[in-house]
file coords_14.pdb (PDB, C-alpha atoms and all ligand atoms)
ATOM      1  CA  MET R  25     -49.272   2.684  66.118  1.00  0.00           C
ATOM      2  CA  ARG R  26     -45.761   4.000  66.742  1.00  0.00           C
ATOM      3  CA  LEU R  27     -44.066   5.842  63.906  1.00  0.00           C
ATOM      4  CA  ASP R  28     -41.013   3.543  63.964  1.00  0.00           C
ATOM      5  CA  LYS R  29     -43.270   0.493  63.566  1.00  0.00           C
ATOM      6  CA  PHE R  30     -45.073   2.034  60.583  1.00  0.00           C
ATOM      7  CA  VAL R  31     -41.766   2.887  58.912  1.00  0.00           C
ATOM      8  CA  SER R  32     -40.143  -0.496  59.531  1.00  0.00           C
ATOM      9  CA  ASP R  33     -43.230  -2.450  58.380  1.00  0.00           C
ATOM     10  CA  ALA R  34     -43.761  -0.285  55.309  1.00  0.00           C
ATOM     11  CA  MET R  35     -40.102  -0.308  54.234  1.00  0.00           C
ATOM     12  CA  GLY R  36     -39.226  -3.860  55.305  1.00  0.00           C
ATOM     13  CA  ILE R  37     -36.383  -2.599  57.510  1.00  0.00           C
ATOM     14  CA  THR R  38     -35.467  -3.225  61.141  1.00  0.00           C
ATOM     15  CA  ARG R  39     -36.894  -1.103  63.936  1.00  0.00           C
ATOM     16  CA  LYS R  40     -33.349   0.168  64.661  1.00  0.00           C
ATOM     17  CA  ASP R  41     -32.874   1.365  61.062  1.00  0.00           C
ATOM     18  CA  SER R  42     -36.294   2.937  61.112  1.00  0.00           C
ATOM     19  CA  LYS R  43     -35.468   4.864  64.309  1.00  0.00           C
ATOM     20  CA  ASN R  44     -32.254   6.093  62.697  1.00  0.00           C
ATOM     21  CA  LEU R  45     -34.099   7.444  59.649  1.00  0.00           C
ATOM     22  CA  ILE R  46     -36.604   9.193  61.906  1.00  0.00           C
ATOM     23  CA  LYS R  47     -33.841  10.717  64.069  1.00  0.00           C
ATOM     24  CA  LYS R  48     -32.102  12.042  60.957  1.00  0.00           C
ATOM     25  CA  GLY R  49     -35.263  13.928  59.989  1.00  0.00           C
ATOM     26  CA  LEU R  50     -35.886  11.814  56.884  1.00  0.00           C
ATOM     27  CA  VAL R  51     -39.468  10.927  57.770  1.00  0.00           C
ATOM     28  CA  SER R  52     -42.423  13.221  57.266  1.00  0.00           C
ATOM     29  CA  VAL R  53     -45.997  12.570  58.323  1.00  0.00           C
ATOM     30  CA  ASN R  54     -48.747  14.428  56.462  1.00  0.00           C
ATOM     31  CA  GLY R  55     -46.145  16.929  55.241  1.00  0.00           C
ATOM     32  CA  ALA R  56     -44.383  17.605  58.572  1.00  0.00           C
ATOM     33  CA  ILE R  57     -41.019  16.147  59.576  1.00  0.00           C
ATOM     34  CA  ILE R  58     -41.348  14.139  62.787  1.00  0.00           C
ATOM     35  CA  LYS R  59     -38.262  13.151  64.761  1.00  0.00           C
ATOM     36  CA  ASP R  60     -40.007  11.269  67.560  1.00  0.00           C
ATOM     37  CA  SER R  61     -39.970   7.500  66.892  1.00  0.00           C
ATOM     38  CA  GLY R  62     -42.780   6.979  69.389  1.00  0.00           C
ATOM     39  CA  ALA R  63     -45.137   9.490  67.740  1.00  0.00           C
ATOM     40  CA  ASN R  64     -48.580   8.053  67.154  1.00  0.00           C
ATOM     41  CA  VAL R  65     -49.584   7.541  63.519  1.00  0.00           C
ATOM     42  CA  ASN R  66     -52.295   5.538  61.839  1.00  0.00           C
ATOM     43  CA  GLU R  67     -52.530   3.446  58.683  1.00  0.00           C
ATOM     44  CA  THR R  68     -54.134   6.201  56.653  1.00  0.00           C
ATOM     45  CA  ASP R  69     -51.477   8.837  57.390  1.00  0.00           C
ATOM     46  CA  SER R  70     -49.339   9.896  54.451  1.00  0.00           C
ATOM     47  CA  LEU R  71     -45.685   9.113  55.101  1.00  0.00           C
ATOM     48  CA  ILE R  72     -42.653  10.050  53.044  1.00  0.00           C
ATOM     49  CA  VAL R  73     -39.436   8.250  53.975  1.00  0.00           C
ATOM     50  CA  ASP R  74     -36.250   9.511  52.407  1.00  0.00           C
ATOM     51  CA  GLY R  75     -38.219  11.001  49.530  1.00  0.00           C
ATOM     52  CA  LYS R  76     -40.368   7.911  48.904  1.00  0.00           C
ATOM     53  CA  ARG R  77     -43.971   7.294  49.813  1.00  0.00           C
ATOM     54  CA  ALA R  78     -44.268   4.571  52.446  1.00  0.00           C
ATOM     55  CA  GLU R  79     -47.523   2.665  52.525  1.00  0.00           C
ATOM     56  CA  TYR R  80     -48.437   0.647  55.531  1.00  0.00           C
ATOM     57  CA  LYS R  81     -49.143  -2.980  54.680  1.00  0.00           C
ATOM     58  CA  LYS R  82     -50.957  -4.934  57.317  1.00  0.00           C
ATOM     59  CA  PHE R  83     -50.389  -8.256  55.577  1.00  0.00           C
ATOM     60  CA  ILE R  84     -47.612  -9.751  53.514  1.00  0.00           C
ATOM     61  CA  TYR R  85     -48.057 -12.287  50.715  1.00  0.00           C
ATOM     62  CA  LEU R  86     -45.038 -13.986  49.174  1.00  0.00           C
ATOM     63  CA  MET R  87     -44.908 -16.434  46.279  1.00  0.00           C
ATOM     64  CA  MET R  88     -42.067 -18.870  46.832  1.00  0.00           C
ATOM     65  CA  ASN R  89     -40.675 -21.459  44.438  1.00  0.00           C
ATOM     66  CA  LYS R  90     -40.012 -24.081  47.085  1.00  0.00           C
ATOM     67  CA  PRO R  91     -37.020 -26.312  46.491  1.00  0.00           C
ATOM     68  CA  GLN R  92     -36.719 -29.901  47.698  1.00  0.00           C
ATOM     69  CA  GLY R  93     -35.173 -30.445  51.119  1.00  0.00           C
ATOM     70  CA  TYR R  94     -37.264 -27.864  53.008  1.00  0.00           C
ATOM     71  CA  ILE R  95     -40.355 -28.586  55.064  1.00  0.00           C
ATOM     72  CA  SER R  96     -43.500 -26.459  54.954  1.00  0.00           C
ATOM     73  CA  ALA R  97     -43.401 -25.375  58.586  1.00  0.00           C
ATOM     74  CA  THR R  98     -42.323 -22.353  60.586  1.00  0.00           C
ATOM     75  CA  ASP R  99     -39.950 -24.109  62.952  1.00  0.00           C
ATOM     76  CA  ASP R 100     -38.300 -27.496  63.204  1.00  0.00           C
ATOM     77  CA  LYS R 101     -35.502 -28.868  65.362  1.00  0.00           C
ATOM     78  CA  LYS R 102     -34.048 -31.172  62.725  1.00  0.00           C
ATOM     79  CA  GLN R 103     -34.982 -29.979  59.263  1.00  0.00           C
ATOM     80  CA  LYS R 104     -34.706 -26.765  57.317  1.00  0.00           C
ATOM     81  CA  THR R 105     -38.013 -24.944  56.918  1.00  0.00           C
ATOM     82  CA  VAL R 106     -39.173 -22.745  54.058  1.00  0.00           C
ATOM     83  CA  LEU R 107     -38.770 -19.718  56.359  1.00  0.00           C
ATOM     84  CA  ASP R 108     -35.024 -20.405  56.375  1.00  0.00           C
ATOM     85  CA  LEU R 109     -35.042 -19.292  52.726  1.00  0.00           C
ATOM     86  CA  LEU R 110     -36.102 -15.748  53.711  1.00  0.00           C
ATOM     87  CA  PRO R 111     -33.737 -13.017  54.911  1.00  0.00           C
ATOM     88  CA  GLU R 112     -33.602 -12.344  58.644  1.00  0.00           C
ATOM     89  CA  ASN R 113     -35.655  -9.123  58.434  1.00  0.00           C
ATOM     90  CA  PHE R 114     -38.802 -11.137  57.626  1.00  0.00           C
ATOM     91  CA  SER R 115     -38.696 -12.871  61.006  1.00  0.00           C
ATOM     92  CA  ARG R 116     -40.787 -10.213  62.748  1.00  0.00           C
ATOM     93  CA  TYR R 117     -43.753 -10.677  60.399  1.00  0.00           C
ATOM     94  CA  ASP R 118     -44.887 -14.074  61.729  1.00  0.00           C
ATOM     95  CA  LEU R 119     -45.143 -15.500  58.236  1.00  0.00           C
ATOM     96  CA  PHE R 120     -46.307 -19.065  57.760  1.00  0.00           C
ATOM     97  CA  PRO R 121     -46.870 -21.296  54.721  1.00  0.00           C
ATOM     98  CA  ALA R 122     -50.498 -21.366  53.603  1.00  0.00           C
ATOM     99  CA  GLY R 123     -50.740 -25.094  53.051  1.00  0.00           C
ATOM    100  CA  ARG R 124     -48.129 -27.763  52.776  1.00  0.00           C
ATOM    101  CA  LEU R 125     -45.840 -29.206  50.161  1.00  0.00           C
ATOM    102  CA  ASP R 126     -43.908 -32.387  50.958  1.00  0.00           C
ATOM    103  CA  ILE R 127     -40.197 -32.093  51.614  1.00  0.00           C
ATOM    104  CA  ASP R 128     -39.468 -33.518  48.148  1.00  0.00           C
ATOM    105  CA  THR R 129     -42.107 -31.411  46.344  1.00  0.00           C
ATOM    106  CA  GLU R 130     -41.118 -28.201  44.569  1.00  0.00           C
ATOM    107  CA  GLY R 131     -43.084 -25.198  43.439  1.00  0.00           C
ATOM    108  CA  PHE R 132     -45.581 -22.557  44.444  1.00  0.00           C
ATOM    109  CA  LEU R 133     -45.907 -22.037  48.166  1.00  0.00           C
ATOM    110  CA  LEU R 134     -47.716 -18.997  49.502  1.00  0.00           C
ATOM    111  CA  LEU R 135     -46.196 -17.440  52.618  1.00  0.00           C
ATOM    112  CA  THR R 136     -48.319 -14.946  54.475  1.00  0.00           C
ATOM    113  CA  ASN R 137     -49.289 -13.590  57.882  1.00  0.00           C
ATOM    114  CA  ASP R 138     -52.942 -13.228  56.844  1.00  0.00           C
ATOM    115  CA  GLY R 139     -54.579 -16.050  58.774  1.00  0.00           C
ATOM    116  CA  GLN R 140     -58.101 -15.443  57.502  1.00  0.00           C
ATOM    117  CA  THR R 141     -57.146 -15.508  53.823  1.00  0.00           C
ATOM    118  CA  ALA R 142     -54.965 -18.578  54.355  1.00  0.00           C
ATOM    119  CA  HIS R 143     -57.882 -20.266  56.089  1.00  0.00           C
ATOM    120  CA  ASN R 144     -60.197 -19.429  53.188  1.00  0.00           C
ATOM    121  CA  LEU R 145     -57.723 -20.705  50.615  1.00  0.00           C
ATOM    122  CA  LEU R 146     -57.267 -23.983  52.453  1.00  0.00           C
ATOM    123  CA  SER R 147     -60.885 -24.593  53.377  1.00  0.00           C
ATOM    124  CA  PRO R 148     -62.156 -27.671  51.450  1.00  0.00           C
ATOM    125  CA  SER R 149     -65.537 -25.974  50.933  1.00  0.00           C
ATOM    126  CA  LYS R 150     -63.896 -23.189  48.881  1.00  0.00           C
ATOM    127  CA  LYS R 151     -62.575 -25.741  46.335  1.00  0.00           C
ATOM    128  CA  VAL R 152     -59.452 -23.714  45.574  1.00  0.00           C
ATOM    129  CA  GLY R 153     -57.575 -25.234  42.615  1.00  0.00           C
ATOM    130  CA  LYS R 154     -54.012 -26.499  42.880  1.00  0.00           C
ATOM    131  CA  GLU R 155     -52.185 -27.651  39.800  1.00  0.00           C
ATOM    132  CA  TYR R 156     -49.202 -30.001  39.931  1.00  0.00           C
ATOM    133  CA  PHE R 157     -46.758 -31.204  37.338  1.00  0.00           C
ATOM    134  CA  ALA R 158     -46.054 -34.879  38.001  1.00  0.00           C
ATOM    135  CA  ARG R 159     -43.504 -37.295  36.587  1.00  0.00           C
ATOM    136  CA  LEU R 160     -44.474 -40.927  36.962  1.00  0.00           C
ATOM    137  CA  GLU R 161     -42.613 -44.192  37.251  1.00  0.00           C
ATOM    138  CA  LYS R 162     -44.842 -45.964  34.716  1.00  0.00           C
ATOM    139  CA  PRO R 163     -46.861 -44.775  31.712  1.00  0.00           C
ATOM    140  CA  LEU R 164     -50.270 -43.415  32.637  1.00  0.00           C
ATOM    141  CA  THR R 165     -52.950 -45.354  30.763  1.00  0.00           C
ATOM    142  CA  ASP R 166     -56.115 -43.643  29.583  1.00  0.00           C
ATOM    143  CA  LYS R 167     -58.075 -45.911  31.897  1.00  0.00           C
ATOM    144  CA  ASP R 168     -56.000 -44.929  34.971  1.00  0.00           C
ATOM    145  CA  LYS R 169     -56.253 -41.270  33.987  1.00  0.00           C
ATOM    146  CA  GLU R 170     -60.029 -41.547  33.881  1.00  0.00           C
ATOM    147  CA  THR R 171     -60.152 -43.464  37.177  1.00  0.00           C
ATOM    148  CA  ILE R 172     -58.123 -40.777  38.955  1.00  0.00           C
ATOM    149  CA  GLU R 173     -60.163 -37.982  37.371  1.00  0.00           C
ATOM    150  CA  GLN R 174     -63.375 -39.511  38.663  1.00  0.00           C
ATOM    151  CA  GLY R 175     -62.063 -40.005  42.203  1.00  0.00           C
ATOM    152  CA  VAL R 176     -59.980 -42.729  43.856  1.00  0.00           C
ATOM    153  CA  ASP R 177     -59.763 -44.259  47.310  1.00  0.00           C
ATOM    154  CA  ILE R 178     -56.607 -42.939  49.005  1.00  0.00           C
ATOM    155  CA  GLY R 179     -57.061 -44.871  52.229  1.00  0.00           C
ATOM    156  CA  GLY R 180     -60.610 -44.444  53.431  1.00  0.00           C
ATOM    157  CA  TYR R 181     -61.217 -41.226  51.479  1.00  0.00           C
ATOM    158  CA  ILE R 182     -62.546 -40.914  47.937  1.00  0.00           C
ATOM    159  CA  THR R 183     -60.963 -37.950  46.205  1.00  0.00           C
ATOM    160  CA  LYS R 184     -63.101 -35.308  44.506  1.00  0.00           C
ATOM    161  CA  PRO R 185     -63.072 -35.099  40.701  1.00  0.00           C
ATOM    162  CA  ALA R 186     -59.713 -33.980  39.337  1.00  0.00           C
ATOM    163  CA  LYS R 187     -58.447 -32.955  35.910  1.00  0.00           C
ATOM    164  CA  ILE R 188     -55.390 -34.491  34.276  1.00  0.00           C
ATOM    165  CA  GLU R 189     -53.601 -33.247  31.191  1.00  0.00           C
ATOM    166  CA  LYS R 190     -51.091 -35.704  29.756  1.00  0.00           C
ATOM    167  CA  HIS R 191     -47.865 -34.295  28.320  1.00  0.00           C
ATOM    168  CA  SER R 192     -46.239 -37.649  27.591  1.00  0.00           C
ATOM    169  CA  ASP R 193     -46.686 -41.254  28.747  1.00  0.00           C
ATOM    170  CA  THR R 194     -45.097 -40.495  32.105  1.00  0.00           C
ATOM    171  CA  GLU R 195     -45.638 -36.735  32.509  1.00  0.00           C
ATOM    172  CA  CYS R 196     -48.838 -34.864  33.243  1.00  0.00           C
ATOM    173  CA  THR R 197     -50.373 -31.983  35.122  1.00  0.00           C
ATOM    174  CA  ILE R 198     -53.130 -32.733  37.587  1.00  0.00           C
ATOM    175  CA  THR R 199     -55.507 -30.174  39.085  1.00  0.00           C
ATOM    176  CA  ILE R 200     -57.157 -30.930  42.407  1.00  0.00           C
ATOM    177  CA  VAL R 201     -59.423 -28.855  44.623  1.00  0.00           C
ATOM    178  CA  GLU R 202     -58.504 -30.339  47.987  1.00  0.00           C
ATOM    179  CA  GLY R 203     -55.316 -30.899  49.917  1.00  0.00           C
ATOM    180  CA  LYS R 204     -55.162 -34.185  51.789  1.00  0.00           C
ATOM    181  CA  PHE R 205     -51.800 -35.342  53.093  1.00  0.00           C
ATOM    182  CA  HIS R 206     -49.658 -36.681  50.187  1.00  0.00           C
ATOM    183  CA  GLN R 207     -52.785 -36.467  48.058  1.00  0.00           C
ATOM    184  CA  VAL R 208     -51.318 -36.458  44.550  1.00  0.00           C
ATOM    185  CA  LYS R 209     -48.835 -39.223  45.340  1.00  0.00           C
ATOM    186  CA  LYS R 210     -51.604 -41.330  46.876  1.00  0.00           C
ATOM    187  CA  MET R 211     -53.913 -40.761  43.891  1.00  0.00           C
ATOM    188  CA  PHE R 212     -51.361 -42.238  41.503  1.00  0.00           C
ATOM    189  CA  GLU R 213     -50.518 -45.009  43.974  1.00  0.00           C
ATOM    190  CA  ALA R 214     -54.217 -45.911  43.975  1.00  0.00           C
ATOM    191  CA  VAL R 215     -53.845 -47.008  40.330  1.00  0.00           C
ATOM    192  CA  GLY R 216     -50.537 -48.813  40.903  1.00  0.00           C
ATOM    193  CA  ASN R 217     -48.262 -46.010  39.721  1.00  0.00           C
ATOM    194  CA  LYS R 218     -45.728 -43.844  41.564  1.00  0.00           C
ATOM    195  CA  VAL R 219     -44.880 -40.134  41.462  1.00  0.00           C
ATOM    196  CA  THR R 220     -41.118 -39.662  41.050  1.00  0.00           C
ATOM    197  CA  TYR R 221     -41.163 -35.842  40.803  1.00  0.00           C
ATOM    198  CA  LEU R 222     -43.794 -33.328  41.863  1.00  0.00           C
ATOM    199  CA  LYS R 223     -44.004 -29.577  41.428  1.00  0.00           C
ATOM    200  CA  ARG R 224     -46.925 -27.244  42.172  1.00  0.00           C
ATOM    201  CA  VAL R 225     -47.255 -24.987  39.159  1.00  0.00           C
ATOM    202  CA  SER R 226     -50.349 -23.040  40.120  1.00  0.00           C
ATOM    203  CA  PHE R 227     -52.265 -22.163  43.282  1.00  0.00           C
ATOM    204  CA  ALA R 228     -55.625 -20.402  43.603  1.00  0.00           C
ATOM    205  CA  SER R 229     -55.603 -19.380  39.910  1.00  0.00           C
ATOM    206  CA  LEU R 230     -52.106 -17.874  40.174  1.00  0.00           C
ATOM    207  CA  PRO R 231     -49.396 -19.518  38.060  1.00  0.00           C
ATOM    208  CA  LEU R 232     -45.940 -19.932  39.558  1.00  0.00           C
ATOM    209  CA  ASP R 233     -43.797 -17.062  38.268  1.00  0.00           C
ATOM    210  CA  PRO R 234     -41.375 -18.631  35.739  1.00  0.00           C
ATOM    211  CA  ASN R 235     -38.761 -16.021  36.701  1.00  0.00           C
ATOM    212  CA  LEU R 236     -38.472 -17.451  40.208  1.00  0.00           C
ATOM    213  CA  ALA R 237     -35.623 -19.930  40.508  1.00  0.00           C
ATOM    214  CA  LEU R 238     -35.888 -22.664  43.127  1.00  0.00           C
ATOM    215  CA  GLY R 239     -35.597 -21.084  46.560  1.00  0.00           C
ATOM    216  CA  GLU R 240     -36.526 -17.611  45.333  1.00  0.00           C
ATOM    217  CA  TYR R 241     -39.611 -15.634  46.309  1.00  0.00           C
ATOM    218  CA  ARG R 242     -41.334 -12.382  45.463  1.00  0.00           C
ATOM    219  CA  TYR R 243     -44.202 -10.284  46.797  1.00  0.00           C
ATOM    220  CA  LEU R 244     -47.576 -10.905  45.162  1.00  0.00           C
ATOM    221  CA  THR R 245     -48.690  -7.931  43.097  1.00  0.00           C
ATOM    222  CA  ASP R 246     -51.793  -6.037  44.277  1.00  0.00           C
ATOM    223  CA  GLU R 247     -53.696  -7.704  41.445  1.00  0.00           C
ATOM    224  CA  GLU R 248     -52.589 -11.158  42.623  1.00  0.00           C
ATOM    225  CA  VAL R 249     -53.469 -10.325  46.242  1.00  0.00           C
ATOM    226  CA  LYS R 250     -56.965  -9.408  45.030  1.00  0.00           C
ATOM    227  CA  THR R 251     -57.218 -12.676  43.088  1.00  0.00           C
ATOM    228  CA  ILE R 252     -56.598 -14.736  46.218  1.00  0.00           C
ATOM    229  CA  GLY R 253     -58.980 -12.601  48.284  1.00  0.00           C
ATOM    230  CA  GLY R 254     -56.267 -10.976  50.410  1.00  0.00           C
ATOM    231  CA  THR R 255     -56.028  -7.424  51.759  1.00  0.00           C
ATOM    232  CA  ILE R 256     -53.975  -4.860  49.831  1.00  0.00           C
TER     233      ILE R 256
HETATM  234  N1  LIG R 301     -49.681 -33.931  46.933  1.00  0.00           N
HETATM  235  C1  LIG R 301     -48.601 -34.653  47.352  1.00  0.00           C
HETATM  236  O1  LIG R 301     -48.595 -35.866  47.310  1.00  0.00           O
HETATM  237  N2  LIG R 301     -47.550 -33.961  47.830  1.00  0.00           N
HETATM  238  C2  LIG R 301     -47.487 -32.634  47.872  1.00  0.00           C
HETATM  239  O2  LIG R 301     -46.485 -32.078  48.296  1.00  0.00           O
HETATM  240  C3  LIG R 301     -48.604 -31.901  47.424  1.00  0.00           C
HETATM  241  C4  LIG R 301     -49.694 -32.583  46.956  1.00  0.00           C
END
call {"tool": "encode", "arguments": {"input": "coords_14.pdb", "output": "structure tokens"}}
result
Amino acid sequence: MRLDKFVSDAMGITRKDSKNLIKKGLVSVNGAIIKDSGANVNETDSLIVDGKRAEYKKFIYLMMNKPQGYISATDDKKQKTVLDLLPENFSRYDLFPAGRLDIDTEGFLLLTNDGQTAHNLLSPSKKVGKEYFARLEKPLTDKDKETIEQGVDIGGYITKPAKIEKHSDTECTITIVEGKFHQVKKMFEAVGNKVTYLKRVSFASLPLDPNLALGEYRYLTDEEVKTIGGTI
């Protein structure tokens, strides 16, 4: 690939800024300063940019704490999408949300450009766990809890076994291993209740980072990328 592409992808900067750094002689490849932006380099080359090692990352994985009012899509004519919460320089990465949270649901949304890993995480056969905190309109009875845990009919589909932990009469966390449209809301509706607030607190064994305020995001650590089966 071109040197300016490597530098801009590795540093998260624009191609123009990357060309400027290269022109100024601030980029060395395998120990030699290269001033040609179009020079051919590969992923395993050792690059130092302005004194710092730059590692080429093929894929990006972001943990976002999605706020209400944003849809889990890459583009929409009418509504704000979760990509609108990222700075402009992310636009060239072709990021997309791995899975969907409703417009009024908050919490952990993974944004990536790694299609294969996203596909694996969302595939029903992989039974990837998703944990939600739910606030309910009415108290959740032990009987309704058990009914939901065993599987309920959400309109022609019987949900797979789920796990519910009650925190109070009207608050609980529910863990499911599938992701049907409006699934959690429909599961509580199936027993005559209603979800009034929903937040995803964990995805694929990764808890939502408590330091992320609504609308904030951070890169997954290498350890976290490994946990979800991504590529470091
Ligand atoms: N289940 C729902 O009902 N909504 C979501 O956003 C996620 C899971």
call {"tool": "residues_around", "arguments": {"input": "coords_14.pdb", "residues": "stretch 110-118 of chain R", "least_positions_apart": "2", "cutoff": "7 Å", "atoms": "only C-alpha atoms", "output": "list in words"}}
result
Ile37, Thr38, Leu107, Asp108, Phe120 and Asn137 of chain R
call {"tool": "resolve_selection", "arguments": {"input": "coords_14.pdb", "expression": "the PyMOL selection byres (((chain R and resi 27) around 12) and not hetatm)", "output": "PDB file with C-alpha atoms, in the frame of the given file"}}
result
ATOM      1  CA  MET R  25     -49.272   2.684  66.118  1.00  0.00           C
ATOM      2  CA  ARG R  26     -45.761   4.000  66.742  1.00  0.00           C
ATOM      3  CA  ASP R  28     -41.013   3.543  63.964  1.00  0.00           C
ATOM      4  CA  LYS R  29     -43.270   0.493  63.566  1.00  0.00           C
ATOM      5  CA  PHE R  30     -45.073   2.034  60.583  1.00  0.00           C
ATOM      6  CA  VAL R  31     -41.766   2.887  58.912  1.00  0.00           C
ATOM      7  CA  SER R  32     -40.143  -0.496  59.531  1.00  0.00           C
ATOM      8  CA  ASP R  33     -43.230  -2.450  58.380  1.00  0.00           C
ATOM      9  CA  ALA R  34     -43.761  -0.285  55.309  1.00  0.00           C
ATOM     10  CA  ARG R  39     -36.894  -1.103  63.936  1.00  0.00           C
ATOM     11  CA  SER R  42     -36.294   2.937  61.112  1.00  0.00           C
ATOM     12  CA  LYS R  43     -35.468   4.864  64.309  1.00  0.00           C
ATOM     13  CA  ASN R  44     -32.254   6.093  62.697  1.00  0.00           C
ATOM     14  CA  LEU R  45     -34.099   7.444  59.649  1.00  0.00           C
ATOM     15  CA  ILE R  46     -36.604   9.193  61.906  1.00  0.00           C
ATOM     16  CA  LYS R  47     -33.841  10.717  64.069  1.00  0.00           C
ATOM     17  CA  VAL R  51     -39.468  10.927  57.770  1.00  0.00           C
ATOM     18  CA  SER R  52     -42.423  13.221  57.266  1.00  0.00           C
ATOM     19  CA  VAL R  53     -45.997  12.570  58.323  1.00  0.00           C
ATOM     20  CA  ILE R  57     -41.019  16.147  59.576  1.00  0.00           C
ATOM     21  CA  ILE R  58     -41.348  14.139  62.787  1.00  0.00           C
ATOM     22  CA  LYS R  59     -38.262  13.151  64.761  1.00  0.00           C
ATOM     23  CA  ASP R  60     -40.007  11.269  67.560  1.00  0.00           C
ATOM     24  CA  SER R  61     -39.970   7.500  66.892  1.00  0.00           C
ATOM     25  CA  GLY R  62     -42.780   6.979  69.389  1.00  0.00           C
ATOM     26  CA  ALA R  63     -45.137   9.490  67.740  1.00  0.00           C
ATOM     27  CA  ASN R  64     -48.580   8.053  67.154  1.00  0.00           C
ATOM     28  CA  VAL R  65     -49.584   7.541  63.519  1.00  0.00           C
ATOM     29  CA  ASN R  66     -52.295   5.538  61.839  1.00  0.00           C
ATOM     30  CA  GLU R  67     -52.530   3.446  58.683  1.00  0.00           C
ATOM     31  CA  ASP R  69     -51.477   8.837  57.390  1.00  0.00           C
ATOM     32  CA  SER R  70     -49.339   9.896  54.451  1.00  0.00           C
ATOM     33  CA  LEU R  71     -45.685   9.113  55.101  1.00  0.00           C
ATOM     34  CA  ILE R  72     -42.653  10.050  53.044  1.00  0.00           C
ATOM     35  CA  VAL R  73     -39.436   8.250  53.975  1.00  0.00           C
ATOM     36  CA  ALA R  78     -44.268   4.571  52.446  1.00  0.00           C
ATOM     37  CA  TYR R  80     -48.437   0.647  55.531  1.00  0.00           C
TER      38      TYR R  80
END
call {"tool": "closest_residue", "arguments": {"input": "coords_14.pdb", "among": "R:Met35, R:Leu236, R:Leu133, R:Ala56", "to": "ligand LIG 301 (chain R)", "atoms": "only C-alpha atoms and all ligand atoms"}}
result
R:Leu133
call {"tool": "closest_residue", "arguments": {"input": "coords_14.pdb", "among": "R:Asp126, R:Asp193, R:Glu248, R:Glu79", "to": "ligand LIG 301 (chain R)", "atoms": "only C-alpha atoms and all ligand atoms"}}
result
R:Asp126
call {"tool": "axis_aligned_box", "arguments": {"input": "coords_14.pdb", "around": "ligand LIG 301 (chain R)", "padding_each_side": "4 Å", "output": "lines of an AutoDock Vina configuration file"}}
result
center_x = -48.1
center_y = -33.9
center_z = 47.6
size_x = 11.2
size_y = 12.0
size_z = 9.4
call {"tool": "resolve_selection", "arguments": {"input": "coords_14.pdb", "expression": "the PyMOL selection byres (((not hetatm)) within 7 of (chain R and resi 301))", "output": "list in words"}}
result
Arg124, Leu125, Asp126, Thr129, Gly203, Phe205, His206, Gln207, Val208, Lys209 and Lys210 of chain R
call {"tool": "residues_around", "arguments": {"input": "coords_14.pdb", "residues": "R:Leu160", "least_positions_apart": "2", "cutoff": "9 Å", "atoms": "only C-alpha atoms", "output": "PyMOL selection string"}}
result
chain R and resi 158+162-164+193-196+212+217-221
call {"tool": "residues_near_point", "arguments": {"input": "coords_14.pdb", "point": "(-57.5, -15.8, 40.5)", "cutoff": "6 Å", "atoms": "only C-alpha atoms", "output": "list in words"}}
result
Ala228, Ser229, Leu230, Thr251 and Ile252 of chain R
call {"tool": "atom_distance", "arguments": {"input": "coords_14.pdb", "atom1": "atom CA of R:Tyr85", "atom2": "atom CA of R:Thr255"}}
result
9.4 Å
call {"tool": "resolve_selection", "arguments": {"input": "coords_14.pdb", "expression": "the PyMOL selection byres (((chain R and resi 94) around 6) and not hetatm)", "output": "list in words"}}
result
Gln92, Gly93, Ile95, Lys104, Thr105, Val106 and Ile127 of chain R
call {"tool": "atom_distance", "arguments": {"input": "coords_14.pdb", "atom1": "atom CA of R:Pro234", "atom2": "atom CA of R:Gly131"}}
result
10.3 Å
call {"tool": "atom_distance", "arguments": {"input": "coords_14.pdb", "atom1": "atom CA of R:Leu135", "atom2": "atom CA of R:Ile198"}}
result
22.5 Å
